[in-house]
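Structure file structure.tsv; described as TSV, C-alpha atoms.
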```tsv
chain	number	residue	atom	x	y	z
A	226	MET	CA	3.44	4.99	-11.47
A	227	ALA	CA	3.00	7.44	-8.62
A	228	VAL	CA	1.27	7.34	-5.25
A	229	TYR	CA	0.18	10.81	-4.15
A	230	GLY	CA	-0.22	10.72	-0.37
A	231	ALA	CA	1.91	8.24	1.59
A	232	GLY	CA	-0.35	7.83	4.61
A	233	ALA	CA	-1.30	4.54	6.20
A	234	ILE	CA	-2.80	3.29	2.90
A	235	GLY	CA	-0.64	5.05	0.33
A	236	SER	CA	2.55	3.93	2.06
A	237	GLN	CA	1.57	0.29	1.71
A	238	VAL	CA	0.57	0.72	-1.92
A	239	GLY	CA	3.82	2.42	-2.88
A	240	ALA	CA	6.12	0.20	-0.84
A	241	ARG	CA	4.70	-3.12	-1.97
A	242	ILE	CA	4.24	-2.38	-5.66
A	243	HIS	CA	7.83	-1.07	-5.65
A	244	ALA	CA	8.96	-4.34	-4.07
A	245	ALA	CA	7.03	-6.18	-6.80
A	246	GLY	CA	9.24	-4.52	-9.40
A	247	HIS	CA	7.13	-1.58	-10.57
A	248	ASP	CA	8.56	1.85	-11.26
A	249	VAL	CA	6.73	3.91	-8.64
A	250	THR	CA	7.39	7.13	-6.73
A	251	LEU	CA	5.70	8.29	-3.54
A	252	VAL	CA	4.60	11.93	-3.52
A	253	GLU	CA	4.27	12.94	0.13
A	254	PRO	CA	3.51	16.47	1.40
A	255	TRP	CA	4.32	15.76	5.08
A	256	GLU	CA	8.01	16.55	5.43
A	257	PRO	CA	8.81	14.48	8.59
A	258	HIS	CA	7.34	11.34	7.00
A	259	ARG	CA	9.03	12.01	3.67
A	260	ARG	CA	12.40	12.55	5.33
A	261	ALA	CA	12.02	9.39	7.44
A	262	ILE	CA	11.30	7.29	4.33
A	263	ALA	CA	14.26	8.76	2.45
A	264	GLU	CA	16.70	8.34	5.34
A	265	ARG	CA	15.54	5.18	7.15
A	266	GLY	CA	13.14	3.49	4.76
A	267	LEU	CA	9.45	2.76	5.18
A	268	THR	CA	8.72	0.04	7.72
A	269	ILE	CA	5.39	-1.80	7.56
A	270	HIS	CA	4.59	-3.72	10.71
A	271	THR	CA	2.35	-6.78	10.39
A	272	PRO	CA	1.28	-9.50	12.84
A	273	GLY	CA	4.05	-11.65	11.39
A	274	GLY	CA	6.76	-9.04	11.96
A	275	GLY	CA	7.99	-6.02	10.03
A	276	ARG	CA	9.69	-5.24	6.76
A	277	THR	CA	11.46	-2.10	5.62
A	278	TYR	CA	11.02	-0.87	2.04
A	279	TRP	CA	12.90	1.78	0.09
A	280	PRO	CA	10.56	3.35	-2.49
A	281	ALA	CA	11.50	6.66	-4.06
A	282	VAL	CA	9.80	9.61	-2.34
A	283	VAL	CA	9.48	13.26	-3.37
A	284	SER	CA	7.53	16.33	-2.31
A	285	PRO	CA	4.75	17.77	-4.49
A	286	ASP	CA	7.12	20.62	-5.35
A	287	GLU	CA	9.42	18.06	-6.99
A	288	LEU	CA	6.82	16.82	-9.49
A	289	PRO	CA	8.46	18.89	-12.27
A	290	THR	CA	11.54	16.68	-11.93
A	291	PHE	CA	9.64	13.63	-13.22
A	292	THR	CA	11.35	12.48	-16.41
A	293	ALA	CA	8.30	10.68	-17.81
A	294	PRO	CA	4.53	11.21	-17.57
A	295	ILE	CA	2.53	9.23	-15.00
A	296	ASP	CA	0.62	6.32	-16.52
A	297	LEU	CA	-1.01	5.19	-13.28
A	298	LEU	CA	-1.69	7.53	-10.36
A	299	PHE	CA	-2.86	6.20	-7.00
A	300	LEU	CA	-4.50	9.08	-5.13
A	301	SER	CA	-4.35	8.53	-1.37
A	302	VAL	CA	-4.71	12.01	0.09
A	303	LYS	CA	-7.44	13.10	2.47
A	304	SER	CA	-10.72	13.86	0.72
A	305	TYR	CA	-10.44	17.58	1.43
A	306	ASP	CA	-7.07	17.66	-0.37
A	307	THR	CA	-8.38	15.94	-3.52
A	308	LEU	CA	-8.82	18.95	-5.77
A	309	GLU	CA	-5.54	20.60	-4.79
A	310	ALA	CA	-3.63	17.34	-5.28
A	311	MET	CA	-5.22	16.74	-8.67
A	312	GLN	CA	-4.51	20.28	-9.83
A	313	ARG	CA	-0.85	19.84	-8.89
A	314	VAL	CA	-0.37	16.41	-10.45
A	315	ALA	CA	-2.63	16.67	-13.51
A	316	PRO	CA	0.04	18.33	-15.73
A	317	TYR	CA	2.28	15.29	-15.20
A	318	LEU	CA	-0.28	12.64	-16.16
A	319	ALA	CA	0.14	10.77	-19.41
A	320	ALA	CA	-2.51	11.55	-22.04
A	321	GLY	CA	-4.28	8.29	-21.27
A	322	GLY	CA	-3.14	8.07	-17.67
A	323	ILE	CA	-5.45	6.43	-15.14
A	324	VAL	CA	-6.31	7.95	-11.76
A	325	VAL	CA	-7.11	5.47	-8.99
A	326	SER	CA	-8.84	6.96	-5.96
A	327	MET	CA	-7.75	4.94	-2.92
A	328	GLN	CA	-9.59	7.33	-0.64
A	329	ASN	CA	-12.45	7.37	1.80
A	330	SER	CA	-15.82	8.85	0.84
A	331	ILE	CA	-16.91	9.28	-2.79
A	332	ASN	CA	-14.41	11.59	-4.48
A	333	GLU	CA	-14.76	10.29	-8.02
A	334	GLU	CA	-17.42	12.91	-8.70
A	335	TRP	CA	-14.86	15.66	-7.95
A	336	ILE	CA	-12.09	14.05	-10.00
A	337	ALA	CA	-14.18	13.31	-13.10
A	338	PRO	CA	-14.44	16.91	-14.35
A	339	LEU	CA	-10.64	17.22	-14.19
A	340	VAL	CA	-9.57	14.12	-16.14
A	341	GLY	CA	-12.74	12.57	-17.53
A	342	ALA	CA	-14.91	9.86	-15.99
A	343	SER	CA	-13.54	7.12	-18.24
A	344	ARG	CA	-10.04	7.57	-16.77
A	345	ILE	CA	-11.10	7.04	-13.17
A	346	VAL	CA	-10.84	3.79	-11.22
A	347	GLY	CA	-11.74	3.47	-7.55
A	348	GLY	CA	-10.25	1.27	-4.87
A	349	VAL	CA	-12.54	0.52	-1.91
A	350	ILE	CA	-10.21	-0.40	0.96
A	351	LEU	CA	-11.32	-3.06	3.44
A	352	ILE	CA	-8.17	-3.15	5.57
A	353	ASN	CA	-7.04	-0.90	8.41
A	354	ALA	CA	-3.64	0.54	9.17
A	355	VAL	CA	-2.18	3.11	11.53
A	356	LEU	CA	0.41	5.79	10.82
A	357	LEU	CA	1.26	7.71	13.99
A	358	GLU	CA	5.05	7.86	13.60
A	359	PRO	CA	6.94	9.03	10.51
A	360	GLY	CA	8.30	6.12	8.50
A	361	HIS	CA	6.23	3.46	10.26
A	362	VAL	CA	2.87	1.92	9.33
A	363	THR	CA	1.14	-0.78	11.35
A	364	GLU	CA	-1.48	-3.10	9.83
A	365	THR	CA	-4.43	-3.88	12.10
A	366	MET	CA	-7.63	-5.92	11.93
A	367	SER	CA	-10.32	-3.59	10.58
A	368	VAL	CA	-13.98	-3.35	11.48
A	369	SER	CA	-14.88	-4.02	7.83
A	370	ARG	CA	-13.08	-7.36	7.82
A	371	ALA	CA	-14.42	-8.51	11.21
A	372	THR	CA	-17.41	-10.03	9.44
A	373	SER	CA	-18.93	-13.48	9.21
A	374	ALA	CA	-19.96	-12.82	5.59
A	375	GLY	CA	-17.14	-14.93	4.13
A	376	ASP	CA	-13.71	-14.14	2.79
A	377	LEU	CA	-13.19	-10.56	1.70
A	378	PRO	CA	-10.46	-9.08	-0.48
A	379	GLY	CA	-8.26	-6.30	0.81
A	380	VAL	CA	-9.61	-3.93	-1.85
A	381	TYR	CA	-12.44	-3.82	-4.37
A	382	VAL	CA	-11.48	-2.24	-7.71
A	383	GLY	CA	-14.08	-0.72	-10.01
A	384	GLU	CA	-14.35	1.71	-12.91
A	385	TYR	CA	-16.28	4.91	-12.31
A	386	ALA	CA	-17.87	5.20	-15.75
A	387	SER	CA	-18.62	1.55	-16.52
A	388	ALA	CA	-18.66	-2.02	-15.31
A	389	ALA	CA	-15.30	-3.63	-14.60
A	390	GLY	CA	-13.24	-3.82	-17.77
A	391	THR	CA	-9.59	-3.82	-18.72
A	392	LYS	CA	-8.75	-0.80	-16.56
A	393	ALA	CA	-10.14	-2.39	-13.39
A	394	SER	CA	-8.43	-5.68	-14.18
A	395	GLU	CA	-5.07	-4.03	-14.81
A	396	VAL	CA	-5.24	-1.96	-11.61
A	397	ALA	CA	-6.34	-5.01	-9.61
A	398	SER	CA	-3.38	-6.98	-10.95
A	399	VAL	CA	-1.02	-4.26	-9.67
A	400	LEU	CA	-2.76	-4.01	-6.29
A	401	ASP	CA	-2.58	-7.77	-5.81
A	402	ALA	CA	1.02	-7.12	-4.75
A	403	VAL	CA	-0.37	-5.04	-1.86
A	404	TRP	CA	-3.52	-6.92	-0.77
A	405	PRO	CA	-5.87	-9.36	-2.50
A	406	ALA	CA	-7.75	-7.23	-5.06
A	407	LYS	CA	-11.12	-8.01	-6.65
A	408	PRO	CA	-12.58	-6.23	-9.70
A	409	ILE	CA	-16.25	-5.24	-9.27
A	410	ASP	CA	-18.93	-3.94	-11.63
A	411	ASP	CA	-20.69	-1.46	-9.31
A	412	LEU	CA	-18.05	0.79	-7.76
A	413	LEU	CA	-20.48	3.30	-6.25
A	414	HIS	CA	-22.49	0.60	-4.50
A	415	GLU	CA	-19.33	-0.52	-2.71
A	416	ARG	CA	-18.41	3.10	-2.06
A	417	TRP	CA	-21.71	3.68	-0.28
A	418	SER	CA	-21.32	0.41	1.64
A	419	LYS	CA	-17.89	1.51	2.88
A	420	LEU	CA	-19.20	5.01	3.58
A	421	ALA	CA	-21.84	3.47	5.84
A	422	ASN	CA	-19.11	1.66	7.79
A	423	ASN	CA	-16.94	4.77	8.00
A	424	THR	CA	-19.78	7.07	9.00
A	425	MET	CA	-20.94	4.67	11.69
A	426	ILE	CA	-17.65	4.32	13.53
A	427	ASN	CA	-15.30	7.17	12.60
A	428	PRO	CA	-17.24	10.07	14.18
A	429	VAL	CA	-17.91	8.26	17.46
A	430	SER	CA	-14.28	7.24	17.69
A	431	GLY	CA	-13.17	10.83	17.14
A	432	ILE	CA	-15.67	12.26	19.63
A	433	GLY	CA	-15.15	9.49	22.18
A	434	GLY	CA	-11.38	9.24	21.78
A	435	LEU	CA	-11.90	5.51	21.36
A	436	ARG	CA	-10.06	3.02	19.16
A	437	SER	CA	-12.26	0.80	17.01
A	438	ALA	CA	-12.75	-2.13	19.41
A	439	ALA	CA	-13.35	0.19	22.35
A	440	ALA	CA	-15.93	2.16	20.36
A	441	LEU	CA	-17.80	-1.04	19.49
A	442	ALA	CA	-17.76	-2.00	23.16
A	443	ASP	CA	-19.20	1.34	24.33
A	444	PRO	CA	-23.05	1.36	24.66
A	445	ASN	CA	-23.40	5.07	23.89
A	446	ALA	CA	-21.18	4.76	20.83
A	447	ARG	CA	-23.16	1.77	19.55
A	448	ARG	CA	-26.45	3.61	19.93
A	449	THR	CA	-25.14	6.44	17.78
A	450	MET	CA	-23.61	4.03	15.25
A	451	ILE	CA	-26.97	2.39	14.66
A	452	ALA	CA	-28.82	5.70	14.34
A	453	VAL	CA	-26.21	7.02	11.91
A	454	ALA	CA	-26.27	3.80	9.88
A	455	SER	CA	-30.04	4.06	9.50
A	456	GLU	CA	-29.66	7.58	8.10
A	457	VAL	CA	-26.92	6.50	5.68
A	458	LEU	CA	-29.06	3.61	4.44
A	459	ARG	CA	-31.95	5.95	3.66
A	460	VAL	CA	-29.75	8.44	1.84
A	461	ALA	CA	-27.90	5.73	-0.11
A	462	GLU	CA	-31.20	4.30	-1.30
A	463	ALA	CA	-32.37	7.74	-2.38
A	464	GLU	CA	-29.12	8.13	-4.31
A	465	GLY	CA	-29.88	4.89	-6.16
A	466	TYR	CA	-27.66	2.53	-4.18
A	467	PRO	CA	-29.86	0.53	-1.80
A	468	LEU	CA	-27.72	-1.43	0.66
A	469	ALA	CA	-29.00	-4.80	1.82
A	470	ARG	CA	-26.80	-4.81	4.90
A	471	VAL	CA	-24.23	-2.87	6.87
A	472	MET	CA	-20.72	-4.08	7.77
A	473	GLY	CA	-21.48	-7.22	5.80
A	474	ASP	CA	-23.56	-8.75	8.58
A	475	TYR	CA	-26.48	-6.55	9.61
A	476	ASP	CA	-29.64	-6.47	7.51
A	477	ALA	CA	-30.93	-3.02	6.67
A	478	ALA	CA	-34.32	-3.78	8.23
A	479	ASP	CA	-32.63	-4.74	11.51
A	480	VAL	CA	-30.58	-1.54	11.48
A	481	HIS	CA	-33.70	0.58	11.02
A	482	ALA	CA	-35.46	-1.40	13.76
A	483	GLY	CA	-32.50	-0.81	16.07
A	484	ALA	CA	-32.56	2.92	15.35
A	485	GLU	CA	-36.26	2.97	16.23
A	486	GLY	CA	-35.61	1.11	19.48
A	487	ILE	CA	-37.73	-1.91	18.61
A	488	SER	CA	-34.85	-4.37	18.20
A	489	HIS	CA	-31.55	-4.93	20.00
A	490	SER	CA	-30.06	-7.48	17.63
A	491	VAL	CA	-27.65	-5.12	15.85
A	492	ASN	CA	-26.60	-3.53	19.15
A	493	GLN	CA	-25.73	-6.93	20.55
A	494	ALA	CA	-23.94	-7.98	17.36
A	495	LEU	CA	-21.82	-4.82	17.36
A	496	ALA	CA	-20.80	-5.50	20.96
A	497	ALA	CA	-19.74	-9.01	19.97
A	498	ARG	CA	-17.87	-7.64	16.95
A	499	ALA	CA	-15.54	-5.76	19.28
A	500	GLU	CA	-13.89	-9.07	20.15
A	501	LYS	CA	-12.93	-9.62	16.49
A	502	VAL	CA	-11.17	-6.26	16.05
A	503	SER	CA	-7.58	-5.84	17.20
A	504	ASP	CA	-7.09	-3.53	20.17
A	505	ASP	CA	-4.70	-1.31	18.21
A	506	ALA	CA	-7.09	-0.79	15.27
A	507	THR	CA	-7.58	2.97	15.05
A	508	THR	CA	-9.99	4.76	12.75
A	509	SER	CA	-8.56	7.29	10.33
A	510	MET	CA	-10.52	10.00	12.12
A	511	LEU	CA	-9.09	9.20	15.54
A	512	GLN	CA	-5.61	9.11	13.99
A	513	ASP	CA	-6.24	12.65	12.75
A	514	VAL	CA	-7.56	13.75	16.15
A	515	LEU	CA	-4.50	12.31	17.90
A	516	ARG	CA	-2.21	14.14	15.49
A	517	GLY	CA	-4.14	17.41	15.77
A	518	ARG	CA	-5.07	17.30	12.08
A	519	ARG	CA	-8.23	18.26	10.25
A	520	THR	CA	-10.58	15.28	9.96
A	521	GLU	CA	-12.66	14.05	7.03
A	522	ILE	CA	-15.94	14.52	8.92
A	523	ASP	CA	-17.39	16.71	6.15
A	524	TYR	CA	-16.86	13.80	3.75
A	525	PHE	CA	-18.46	11.21	6.04
A	526	SER	CA	-21.48	12.34	8.06
A	527	GLY	CA	-21.32	15.82	6.53
A	528	PHE	CA	-21.44	14.35	3.03
A	529	VAL	CA	-24.39	12.12	3.95
A	530	ALA	CA	-26.25	15.09	5.45
A	531	ARG	CA	-25.72	17.20	2.32
A	532	LYS	CA	-26.91	14.39	0.07
A	533	GLY	CA	-29.85	13.76	2.39
A	534	SER	CA	-30.87	17.40	2.23
A	535	THR	CA	-31.20	17.20	-1.57
A	536	HIS	CA	-33.71	14.37	-1.10
A	537	GLY	CA	-35.56	15.89	1.85
A	538	ILE	CA	-34.26	13.18	4.19
A	539	PRO	CA	-33.57	14.39	7.76
A	540	THR	CA	-30.21	13.33	9.21
A	541	PRO	CA	-30.17	14.57	12.81
A	542	TYR	CA	-27.51	12.12	14.01
A	543	CYS	CA	-25.20	12.84	11.08
A	544	ASP	CA	-25.70	16.55	11.77
A	545	ALA	CA	-24.92	16.08	15.47
A	546	VAL	CA	-21.73	14.08	15.06
A	547	THR	CA	-20.51	16.47	12.37
A	548	THR	CA	-20.99	19.39	14.75
A	549	LEU	CA	-19.21	17.64	17.61
A	550	VAL	CA	-16.23	16.51	15.56
A	551	HIS	CA	-15.80	20.11	14.42
A	552	ARG	CA	-15.77	21.10	18.09
A	553	VAL	CA	-13.05	18.51	18.74
A	554	GLU	CA	-11.05	19.95	15.83
A	555	ALA	CA	-11.48	23.46	17.22
A	556	GLY	CA	-10.36	22.38	20.69
A	557	THR	CA	-13.65	23.31	22.36
A	558	LEU	CA	-14.55	19.67	23.10
A	559	SER	CA	-12.13	17.13	24.51
A	560	PRO	CA	-12.57	13.66	23.01
A	561	SER	CA	-13.76	11.27	25.70
A	562	PRO	CA	-16.47	8.66	26.24
A	563	GLU	CA	-18.39	11.30	28.21
A	564	ALA	CA	-18.37	13.60	25.18
A	565	LEU	CA	-20.59	11.07	23.39
A	566	LEU	CA	-23.43	12.15	25.69
A	567	GLU	CA	-23.48	15.46	23.83
A	568	ILE	CA	-24.93	13.68	20.79
A	569	GLY	CA	-28.18	12.94	22.62
A	570	LYS	CA	-28.46	16.58	23.68
A	571	LEU	CA	-28.10	17.80	20.10
A	572	VAL	CA	-30.74	15.45	18.70
A	573	GLY	CA	-33.07	16.06	21.65
A	574	ASP	CA	-32.99	12.46	22.78
```

Whole structure, structure tokens version:
Amino acid sequence: MAVYGAGAIGSQVGARIHAAGHDVTLVEPWEPHRRAIAERGLTIHTPGGGRTYWPAVVSPDELPTFTAPIDLLFLSVKSYDTLEAMQRVAPYLAAGGIVVSMQNSINEEWIAPLVGASRIVGGVILINAVLLEPGHVTETMSVSRATSAGDLPGVYVGEYASAAGTKASEVASVLDAVWPAKPIDDLLHERWSKLANNTMINPVSGIGGLRSAAALADPNARRTMIAVASEVLRVAEAEGYPLARVMGDYDAADVHAGAEGISHSVNQALAARAEKVSDDATTSMLQDVLRGRRTEIDYFSGFVARKGSTHGIPTPYCDAVTTLVHRVEAGTLSPSPEALLEIGKLVGD
């Protein structure tokens, strides 16, 4: 097995399935993180303490040293690195090797032409973790899991080309060593559900410079979250994946009503949700902003806007937050709660 991309998610996957006795190698492009793992181990900090793991780790340039083909590849790179990573690793996949996208957004459609749809499994992650220091990952309470909708697994596992079968079950059995894993029949439905969560909170956290709980507690951020969620719901339905609710708790009709200003129930519920999210929970986008890295904004709100355009669905809030996150990336906008006011100016509200 191999895990390509040892970020906050990939590190946990590689470390824990290695500890469970599997033959796995981390493939990590970021040299400081790779060196830290090789020299000092990979420490995963949890509420109960910390544990250091010692999985094998190599750079992408060292893939030719693999002595056997990869039967199971967990892909955990940023969405914008998907095609490059797949082009580099594809020659080392076994003939029937399975690719498991453990990524944000919906990247299966880019991977399918490279390896075939039947060889793709997706993992929809419902946990949160932070990697801000090489060699150290901290688990935090995520927005997705701060729900009253009952017990959730750590990851949903589904097959891209079919309902859950042997591939999903086998991958889920491996991932059970990392977090509770549940096979599902409709991978893309869960992908769109997670995309709604990500697109609601990631852009406002990046623009506002706010960790997850602080973003939920900010009135301007919540207003944008609701407007963005309404746009995602409309686009998801047009794509054939109608979502009954957002973040597990908020009915689609209430989200639309909130976006139209005729209901405050979702706004109030989001404010209350802030109390259920750990203070150190940090969105992947804010982690990228803090590290001065490119964000995945084009695969969150930008992706929704592009899909919306094909259906003639306007997405002014997705367009606005995409523009502003790009300004943050370029250094022409400093992330701050005040920067969230720029969203209203762009949408003319």

Could you check the closest approach to Ala497 (chain A) for each of A:Asp443, A:Glu309, A:Asp376, A:Glu415 and tell me which residue wins, using only C-alpha atoms?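 Selected residue with least distance to Ala497 (chain A): A:Asp443.
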
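Ranking A:Asn329, A:Leu420, A:Pro562, A:His414 by their shortest atom-to-atom distance to Ala446 (chain A), with all atoms listed in the file included, puts A:Pro562 first.
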
Surrounding residues of Arg552 (chain A) excluding itself and chain neighbours under 2 positions, 12 Å, only C-alpha atoms, as a VMD selection string: chain A and resid 428 431 to 432 514 519 to 520 522 545 to 550 554 to 560 564 567

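Between Ile331 (chain A) and the candidates A:Ala227, A:Leu435, A:Ile568, A:Leu413, the tightest atom-to-atom separation, counting all atoms listed in the file, involves A:Leu413.
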
Could you give me, as an mmCIF file with C-alpha atoms, in the frame of the given file, the residues within 8 Å of region 238-252 of chain A, counting all atoms listed in the file and dropping anything in the same chain fewer than 6 positions from it?
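After the write, out.cif holds the following:
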```
data_model
loop_
_atom_site.group_PDB
_atom_site.id
_atom_site.type_symbol
_atom_site.label_atom_id
_atom_site.label_comp_id
_atom_site.auth_asym_id
_atom_site.auth_seq_id
_atom_site.Cartn_x
_atom_site.Cartn_y
_atom_site.Cartn_z
ATOM 1 C CA MET A 226 3.440 4.990 -11.470
ATOM 2 C CA ALA A 227 3.000 7.440 -8.620
ATOM 3 C CA VAL A 228 1.270 7.340 -5.250
ATOM 4 C CA TYR A 229 0.180 10.810 -4.150
ATOM 5 C CA GLY A 230 -0.220 10.720 -0.370
ATOM 6 C CA ALA A 231 1.910 8.240 1.590
ATOM 7 C CA LEU A 267 9.450 2.760 5.180
ATOM 8 C CA TYR A 278 11.020 -0.870 2.040
ATOM 9 C CA TRP A 279 12.900 1.780 0.090
ATOM 10 C CA PRO A 280 10.560 3.350 -2.490
ATOM 11 C CA ALA A 281 11.500 6.660 -4.060
ATOM 12 C CA VAL A 282 9.800 9.610 -2.340
ATOM 13 C CA VAL A 283 9.480 13.260 -3.370
ATOM 14 C CA SER A 284 7.530 16.330 -2.310
ATOM 15 C CA PRO A 285 4.750 17.770 -4.490
ATOM 16 C CA VAL A 399 -1.020 -4.260 -9.670
ATOM 17 C CA LEU A 400 -2.760 -4.010 -6.290
ATOM 18 C CA ALA A 402 1.020 -7.120 -4.750
ATOM 19 C CA VAL A 403 -0.370 -5.040 -1.860
#
```

Tell me which protein, DNA and RNA residues are within 12 Å of Met311 (chain A), counting all atoms listed in the file, leaving out same-chain ones fewer than 3 positions away, and put them as a ChimeraX atom specification. /A:228-230,285,298-308,314-318,324-326,332-333,335-340

Looking at only C-alpha atoms, which of A:Asn492, A:Ser418, A:Asn353, A:Ser509 is the one that sits closest to Leu441 (chain A)?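 Among A:Asn492, A:Ser418, A:Asn353, A:Ser509, it is A:Asn492 that comes nearest to Leu441 (chain A).
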
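Across the model, the gap from CA of Leu377 (chain A) to CA of Gly433 (chain A) is 28.7 Å.
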
List every protein, DNA or RNA residue that has at least one atom no more than 10 Å from (13.2, 7.1, 6.2) in the file's coordinates, counting all atoms listed in the file, and write the result as number ranges by chain. A: 257-268, 277-280, 282, 359-361

I'd like the interatomic distance between CA of His489 (chain A) and CA of Arg531 (chain A), to a tenth of an Å.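 We find that CA of His489 (chain A) and CA of Arg531 (chain A) lie 28.9 Å from each other.
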